[in-house]
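**Q** Submitted below is the structure of interest, expressed as structure tokens.
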Amino acid sequence: MGRKVHPLLGISAGLVFLFLIAPLVLVLGAAFNDATYLAFPPQSLSLRWFERVLSLQNFMDAFLVSLTVAISATALALLVGIPTSYAIVKHRGSFPSWFSSVFFLPLLVPEIVFGFSLLKTVIVALELPVMTALIAGHTILVLPYAVRVLGASLSNFDFSAEEAAVSLGMHPLKTVLAVVLPNIKAGILAAFILAFITSLNDVSVSLFLTGPGVSTLQVEVLTYVEQYFDPSVAAVSVLLMAITLVVMVVLERSFGLSNVVK
Amino acid sequence: MKMTPSEPLVLDRVSASYGNTEILKDLSLDVRPGELVSLLGSSGCGKTTTLRLVAGFLTPTRGSIRIGERDVSRVPVHKRNIGIVFQNYALLPHLTVRDNVAFGLKQRGVGNTERDRQAMEMLETVGLTGLADRLPSALSNGQKQRVALARALVIRPPLLMFDEPLSNLDAKLRVEMRVHIRALQKANERTAIYVTHDQEEAFAISDRVAIMDAGRIVQLDTPEVLYRRPVNEFVARFVGFENILPMQVVERRGKIVTAALAGGATLELDQGEFGIIPDHFLLACRPEGLRLAAPGNAGVPVTLGMRTYLGRAYQYQCDSDAGPLIAHGAVDKAHPGVGTQAVLSVAPQQCAILPAAKS
């Protein structure tokens with residue numbers, strides 16, 4: 001690793017890094033500020049905004065809703081996505097070339113339009129409960145990410161290992177569970193993280209699907225900043241960052257996230 | 001270790017298609033118990049399709065496949081009991097070397113301790129005892145292929161199949177491994193099918209070789225017969241007869257036949273050496289079957305072109321009235337240069353008579 005890095009490359013890399021990290025630092029500073037308005041750098045440090053956030057029942061309820069929706073939608077997307085990408089990658093030749101693109105269509109539709117259409121059909125026409133509608137909407141929202149990541153992971157899997165297992169006497173269905181899945185573990189994990197974070201951070205789709213008494217955290221935050229301008233939202237953001245960080249560390253410890261990023 | 005008897009493999013007029021393209025046409029093949037038969041041919045000849053049919057990854061459109069008394073044509077892969085060694089090893093990446101080898105035994109319900117014992121015994125046979133707890137990613141290609149071999153052998157299948165198992169190894173290791181494979185196959189008395197595109201490898205390892213072209217077996221025989229007596233131009237070119245000359249008999253005197261080639265030059269051929277020579281035929285000659293001689297001798301007059309040094313001989317690209325030819329010349333003589341007129345004499349031991357191509 002003793003290679004020399006061109007100074008321009010080093011400078012541009014540094015700038016990009018700064019660009020990515022600066023907003024996080026600003027939010028972090030604002031969250032611990034004692035002032036009653038969003039400001040940076042903080043004049044005096046305090047934890048009062050964290051106390052306030054944790055005492056707001058709205059935020060706590062919404063967070064639970066967000067968590068439930070994100071976990072359910074991610075699980076459903078994996079349940080649909082794993083067999084889908086398996087079929088697409090393994091039987092590449094048997095499908096028309098446009099087939100796999102179908103699973104990326106949700107990415108093309110503006111989320112606002114998508115959310116509005118869901119409202120018109122799922123909630124107004126079908127009269128589904130809000131929670132069901134939220135989970136359905138988020139499943140469709142995160143499915144393209146899951147299919148994409150799982151597909152990439154499966155492309156690196158050598159299907160002849162599957163054939164070998166079958167030739168040695170394992171039932172083909174069992175082989176999918178006992179040979180294919182363990183070898184795309186990293187891809188499943190990456191798909192899970194990406195889908196989970198996408199769902200947790202979504203505003204546009206949730207905006208249309210939330211109803212009386214049921215709201216996601218991001219929608220609640222949006223509603224809050226329309227009325228107040230105190231650092232509570234910064235505190236919420238810091239908490240979310242912390243949760244994400246904890247999840248990442250736990251996954252890294254238990255599965256080795258470096259395998260996912262590779 | 002329990003010995004399952006080795007069984008014959010019979011393919012009876014088997015056809016197979018991908019979509020609308022027919023890959024195999026009425027292919028019949030008889031492999032005797034304990035025999036190793038190679039399927040040899042260039043890519044697209046149907047050799048891999050044949051292997052996948054026998055393994056069960058493909059279903060024949062017509063015909064039947066039998067292992068011993070059992071018709072396996074409709075038996076699913078996981079119930080066929082065939083040991084396959086794949087081209088890219090196909091080890092299970094998440095299992096250790098030991099567990100890879102024990103995998104087939106586990107599927108057969110062999111208990112834990114017995115499974116381990118047999119796996120370790122087989123690993124010892126292939127010389128990998130020290131690597132039992134490694135993952136496949138920590139092995140060299142040669143070691144991976146040994147694991148694959150052990151994994152296929154340990155289940156003692158009535159039929160072993162090899163799908164170009166050595167093509168990812170370097171030349172020296174290839175020779176070493178093919179000797180190893182042959183020794184293990186013989187010691188275990190397993191019937192085996194070996195797919196390859198490498199003529200030398202097929203000849204070195206097999207009892208018999210099936211040379212395939214366009215979904216058919218063109219010739220099936222021992223390496224010795226294939227090498228000396230190819231049945232047609234395709235097989236002849238495959239086994240190294242680089243010169244194929246269309247010829248016509250002009251005179252017969254007892255056993256001696258005089259035949260003319262394009263351009264008018266004539267050669268005298270002895271039926272005592274070649275067998276019966278038809279009126280129209282192809283003379284197939286290896287480069288070492290056409291020897292450089294001084295002008296004035298009997299043979300094919302040529303103009304010499306580029307010369308390459310092969311160690312035991314010089315090889316010459318020659319131009320004749322019958323087209324370009326490849327010939328050998330002795331190294332110890334003063335070597336003639338490009339453009340020299342010379343004559344090529346025919347060495348019958350390195351030549352063969354083929355039926356004329358049907359036009």
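All residue names refer to the structure tokens as shown: chains lettered A, B, ... in order, residues numbered from 1 in each chain, ligands numbered from 1 in order.
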Distance table requested - chain B against chain A, cut-off 6 Å, only C-alpha atoms: one row per qualifying residue with the closest atom pair and its distance in Å to one decimal, ordered by chain and rising residue number, as a tab-separated table.

**A**
residue	atom	partner	partner_atom	distance
B:Val77	CA	A:Ser167	CA	5.6
B:His78	CA	A:Gly169	CA	4.1
B:Ala90	CA	A:Ala161	CA	4.3
B:Leu91	CA	A:Ala161	CA	5.7
B:Leu92	CA	A:Ala161	CA	5.6
B:Gly104	CA	A:Leu168	CA	4.7
B:Gln107	CA	A:Gly169	CA	5.6

**Q** Write out as a ChimeraX atom specification all residues of stretch 159-339 of chain B that backbone DSSP assigns to helix (DSSP H, G or I).

**A** /B:171-187,199-205,223-228,233-238,271-274,287-289

**Q** Do you know which residues are at most 12 Å from B:Gly46 counting only C-alpha atoms, after dropping those on the same chain fewer than 2 positions away, and could you put them as a PyMOL selection string?

**A** chain B and resi 14-18+21-27+39-44+48-53+195-197+210-218

**Q** Do a neighbour search on B:Glu268 at 9 Å with only C-alpha atoms, toss out local chain neighbours closer than 5 positions, and write the hits as a list in words.

**A**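 Within the cut-off, the hits are Ile256, Val257, Thr258, Ala259, Ala260, Ala298 and Gly299 of chain B.
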
**Q** Could you save those same residues with all heavy atoms as a short mmCIF file (atom, residue, chain, number, x, y, z; two decimals), in the first residue's frame?

**A**
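As written to disk, out03.cif reads:
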data_model
loop_
_atom_site.label_atom_id
_atom_site.label_comp_id
_atom_site.auth_asym_id
_atom_site.auth_seq_id
_atom_site.Cartn_x
_atom_site.Cartn_y
_atom_site.Cartn_z
N ILE B 256 1.38 -53.00 -56.22
CA ILE B 256 1.82 -51.62 -56.37
C ILE B 256 0.78 -50.82 -57.16
O ILE B 256 0.38 -51.20 -58.25
CB ILE B 256 3.19 -51.53 -57.08
CG1 ILE B 256 4.23 -52.39 -56.34
CG2 ILE B 256 3.64 -50.08 -57.20
CD1 ILE B 256 4.47 -51.95 -54.90
N VAL B 257 0.36 -49.71 -56.59
CA VAL B 257 -0.63 -48.85 -57.22
C VAL B 257 0.03 -47.51 -57.52
O VAL B 257 0.70 -46.94 -56.66
CB VAL B 257 -1.83 -48.63 -56.28
CG1 VAL B 257 -2.76 -47.56 -56.82
CG2 VAL B 257 -2.57 -49.94 -56.07
N THR B 258 -0.15 -47.04 -58.78
CA THR B 258 0.34 -45.72 -59.09
C THR B 258 -0.85 -44.78 -59.09
O THR B 258 -1.87 -45.04 -59.74
CB THR B 258 1.03 -45.68 -60.48
OG1 THR B 258 2.00 -46.72 -60.50
CG2 THR B 258 1.68 -44.34 -60.73
N ALA B 259 -0.73 -43.68 -58.31
CA ALA B 259 -1.85 -42.75 -58.21
C ALA B 259 -1.37 -41.33 -58.45
O ALA B 259 -0.23 -40.99 -58.12
CB ALA B 259 -2.48 -42.85 -56.82
N ALA B 260 -2.23 -40.53 -59.06
CA ALA B 260 -1.87 -39.15 -59.40
C ALA B 260 -2.58 -38.19 -58.47
O ALA B 260 -3.72 -38.43 -58.06
CB ALA B 260 -2.25 -38.87 -60.85
N ALA B 298 11.76 -39.96 -56.50
CA ALA B 298 10.32 -40.13 -56.68
C ALA B 298 9.60 -39.39 -55.57
O ALA B 298 10.05 -39.38 -54.43
CB ALA B 298 9.97 -41.61 -56.62
N GLY B 299 8.45 -38.74 -55.91
CA GLY B 299 7.69 -38.04 -54.89
C GLY B 299 6.98 -36.83 -55.46
O GLY B 299 6.81 -36.70 -56.67
#

**Q** Contacts of B:Glu288 at 8 Å or less, counting only C-alpha atoms, minus same-chain residues fewer than 4 places along, as a VMD selection string?

**A** chain B and resid 327 to 328 347 350

**Q** Separation of atom CA of B:Ala294 and atom CA of B:Leu267, in Å?

**A**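 Straight-line distance from atom CA of B:Ala294 to atom CA of B:Leu267 works out to 15.7 Å.
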
**Q** Report as number ranges by chain: the residues of stretch 28-114 of chain B with a DSSP assignment of strand (DSSP E), based on the backbone of this structure.

**A** B: 28-31, 36-40, 62-67, 70-71, 82-85

**Q** Counting only C-alpha atoms, what is within 10 Å of A:Pro42, bar same-chain residues fewer than 3 positions away, as a list of chain:residue names?

**A**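 Result of the neighbour search: A:Leu26, A:Leu28, A:Gly29, A:Ala30, A:Ala31, A:Phe32, A:Asn33, A:Asp34, A:Ala35, A:Leu38, A:Ala39, A:Leu45, A:Ser46.
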
**Q** Using the selection just defined, write its residues with all heavy atoms as a tab-separated table (two decimals), in the first residue's frame.

**A**
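Printed below is again.tsv as written:
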chain	number	residue	atom	x	y	z
A	26	LEU	N	-22.87	19.25	11.15
A	26	LEU	CA	-23.78	20.36	11.44
A	26	LEU	C	-24.96	19.88	12.28
A	26	LEU	O	-25.31	20.49	13.30
A	26	LEU	CB	-24.30	20.99	10.14
A	26	LEU	CG	-23.30	21.87	9.38
A	26	LEU	CD1	-23.92	22.39	8.09
A	26	LEU	CD2	-22.87	23.05	10.27
A	28	LEU	N	-25.20	17.19	14.08
A	28	LEU	CA	-24.70	16.75	15.38
A	28	LEU	C	-24.53	17.94	16.31
A	28	LEU	O	-24.97	17.92	17.48
A	28	LEU	CB	-23.36	16.04	15.17
A	28	LEU	CG	-23.02	14.90	16.11
A	28	LEU	CD1	-24.04	13.80	16.01
A	28	LEU	CD2	-21.63	14.35	15.77
A	29	GLY	N	-23.89	19.01	15.79
A	29	GLY	CA	-23.66	20.22	16.59
A	29	GLY	C	-24.97	20.84	17.03
A	29	GLY	O	-25.18	21.17	18.20
A	30	ALA	N	-25.90	20.95	16.07
A	30	ALA	CA	-27.18	21.61	16.37
A	30	ALA	C	-27.98	20.84	17.42
A	30	ALA	O	-28.65	21.43	18.27
A	30	ALA	CB	-27.99	21.73	15.08
A	31	ALA	N	-27.88	19.52	17.37
A	31	ALA	CA	-28.67	18.69	18.28
A	31	ALA	C	-28.25	18.87	19.74
A	31	ALA	O	-29.08	18.81	20.64
A	31	ALA	CB	-28.56	17.23	17.89
A	32	PHE	N	-26.94	19.08	19.94
A	32	PHE	CA	-26.44	19.21	21.33
A	32	PHE	C	-26.42	20.66	21.80
A	32	PHE	O	-25.94	20.96	22.88
A	32	PHE	CB	-25.04	18.59	21.44
A	32	PHE	CG	-25.05	17.09	21.38
A	32	PHE	CD1	-24.76	16.42	20.20
A	32	PHE	CD2	-25.39	16.35	22.51
A	32	PHE	CE1	-24.78	15.05	20.13
A	32	PHE	CE2	-25.41	14.97	22.46
A	32	PHE	CZ	-25.11	14.30	21.28
A	33	ASN	N	-26.91	21.58	20.97
A	33	ASN	CA	-26.93	23.01	21.31
A	33	ASN	C	-28.04	23.31	22.31
A	33	ASN	O	-29.13	22.76	22.23
A	33	ASN	CB	-27.13	23.82	20.03
A	33	ASN	CG	-26.80	25.29	20.26
A	33	ASN	OD1	-26.41	25.68	21.36
A	33	ASN	ND2	-26.94	26.08	19.21
A	34	ASP	N	-27.74	24.21	23.23
A	34	ASP	CA	-28.70	24.55	24.27
A	34	ASP	C	-29.76	25.53	23.75
A	34	ASP	O	-30.85	25.64	24.31
A	34	ASP	CB	-27.96	25.14	25.48
A	34	ASP	CG	-28.83	25.17	26.71
A	34	ASP	OD1	-29.68	24.25	26.85
A	34	ASP	OD2	-28.70	26.11	27.50
A	35	ALA	N	-29.44	26.21	22.64
A	35	ALA	CA	-30.33	27.27	22.14
A	35	ALA	C	-31.68	26.71	21.69
A	35	ALA	O	-31.80	25.52	21.41
A	35	ALA	CB	-29.66	28.00	20.98
A	38	LEU	N	-32.27	26.28	15.64
A	38	LEU	CA	-31.20	25.51	14.99
A	38	LEU	C	-30.01	26.43	14.74
A	38	LEU	O	-30.16	27.46	14.07
A	38	LEU	CB	-31.69	24.94	13.65
A	38	LEU	CG	-32.55	23.68	13.73
A	38	LEU	CD1	-33.21	23.41	12.39
A	38	LEU	CD2	-31.72	22.49	14.17
A	39	ALA	N	-28.83	26.09	15.29
A	39	ALA	CA	-27.66	26.93	15.07
A	39	ALA	C	-26.39	26.10	15.12
A	39	ALA	O	-26.35	25.05	15.75
A	39	ALA	CB	-27.62	28.03	16.13
A	45	LEU	N	-23.46	23.33	25.46
A	45	LEU	CA	-23.94	21.98	25.21
A	45	LEU	C	-25.07	21.59	26.16
A	45	LEU	O	-25.11	22.01	27.31
A	45	LEU	CB	-22.79	20.99	25.36
A	45	LEU	CG	-21.67	21.15	24.32
A	45	LEU	CD1	-20.55	20.17	24.59
A	45	LEU	CD2	-22.23	20.95	22.91
A	46	SER	N	-25.99	20.78	25.63
A	46	SER	CA	-27.12	20.33	26.45
A	46	SER	C	-27.75	19.10	25.83
A	46	SER	O	-27.64	18.86	24.63
A	46	SER	CB	-28.14	21.47	26.57
A	46	SER	OG	-29.44	20.93	26.68

**Q** Near B:Leu184, within 10 Å and counting only C-alpha atoms, which residues show up once chain neighbours fewer than 6 positions away are dropped, as an MDAnalysis selection string?

**A** chainID B and resid 125:126 149:150 153 178 190
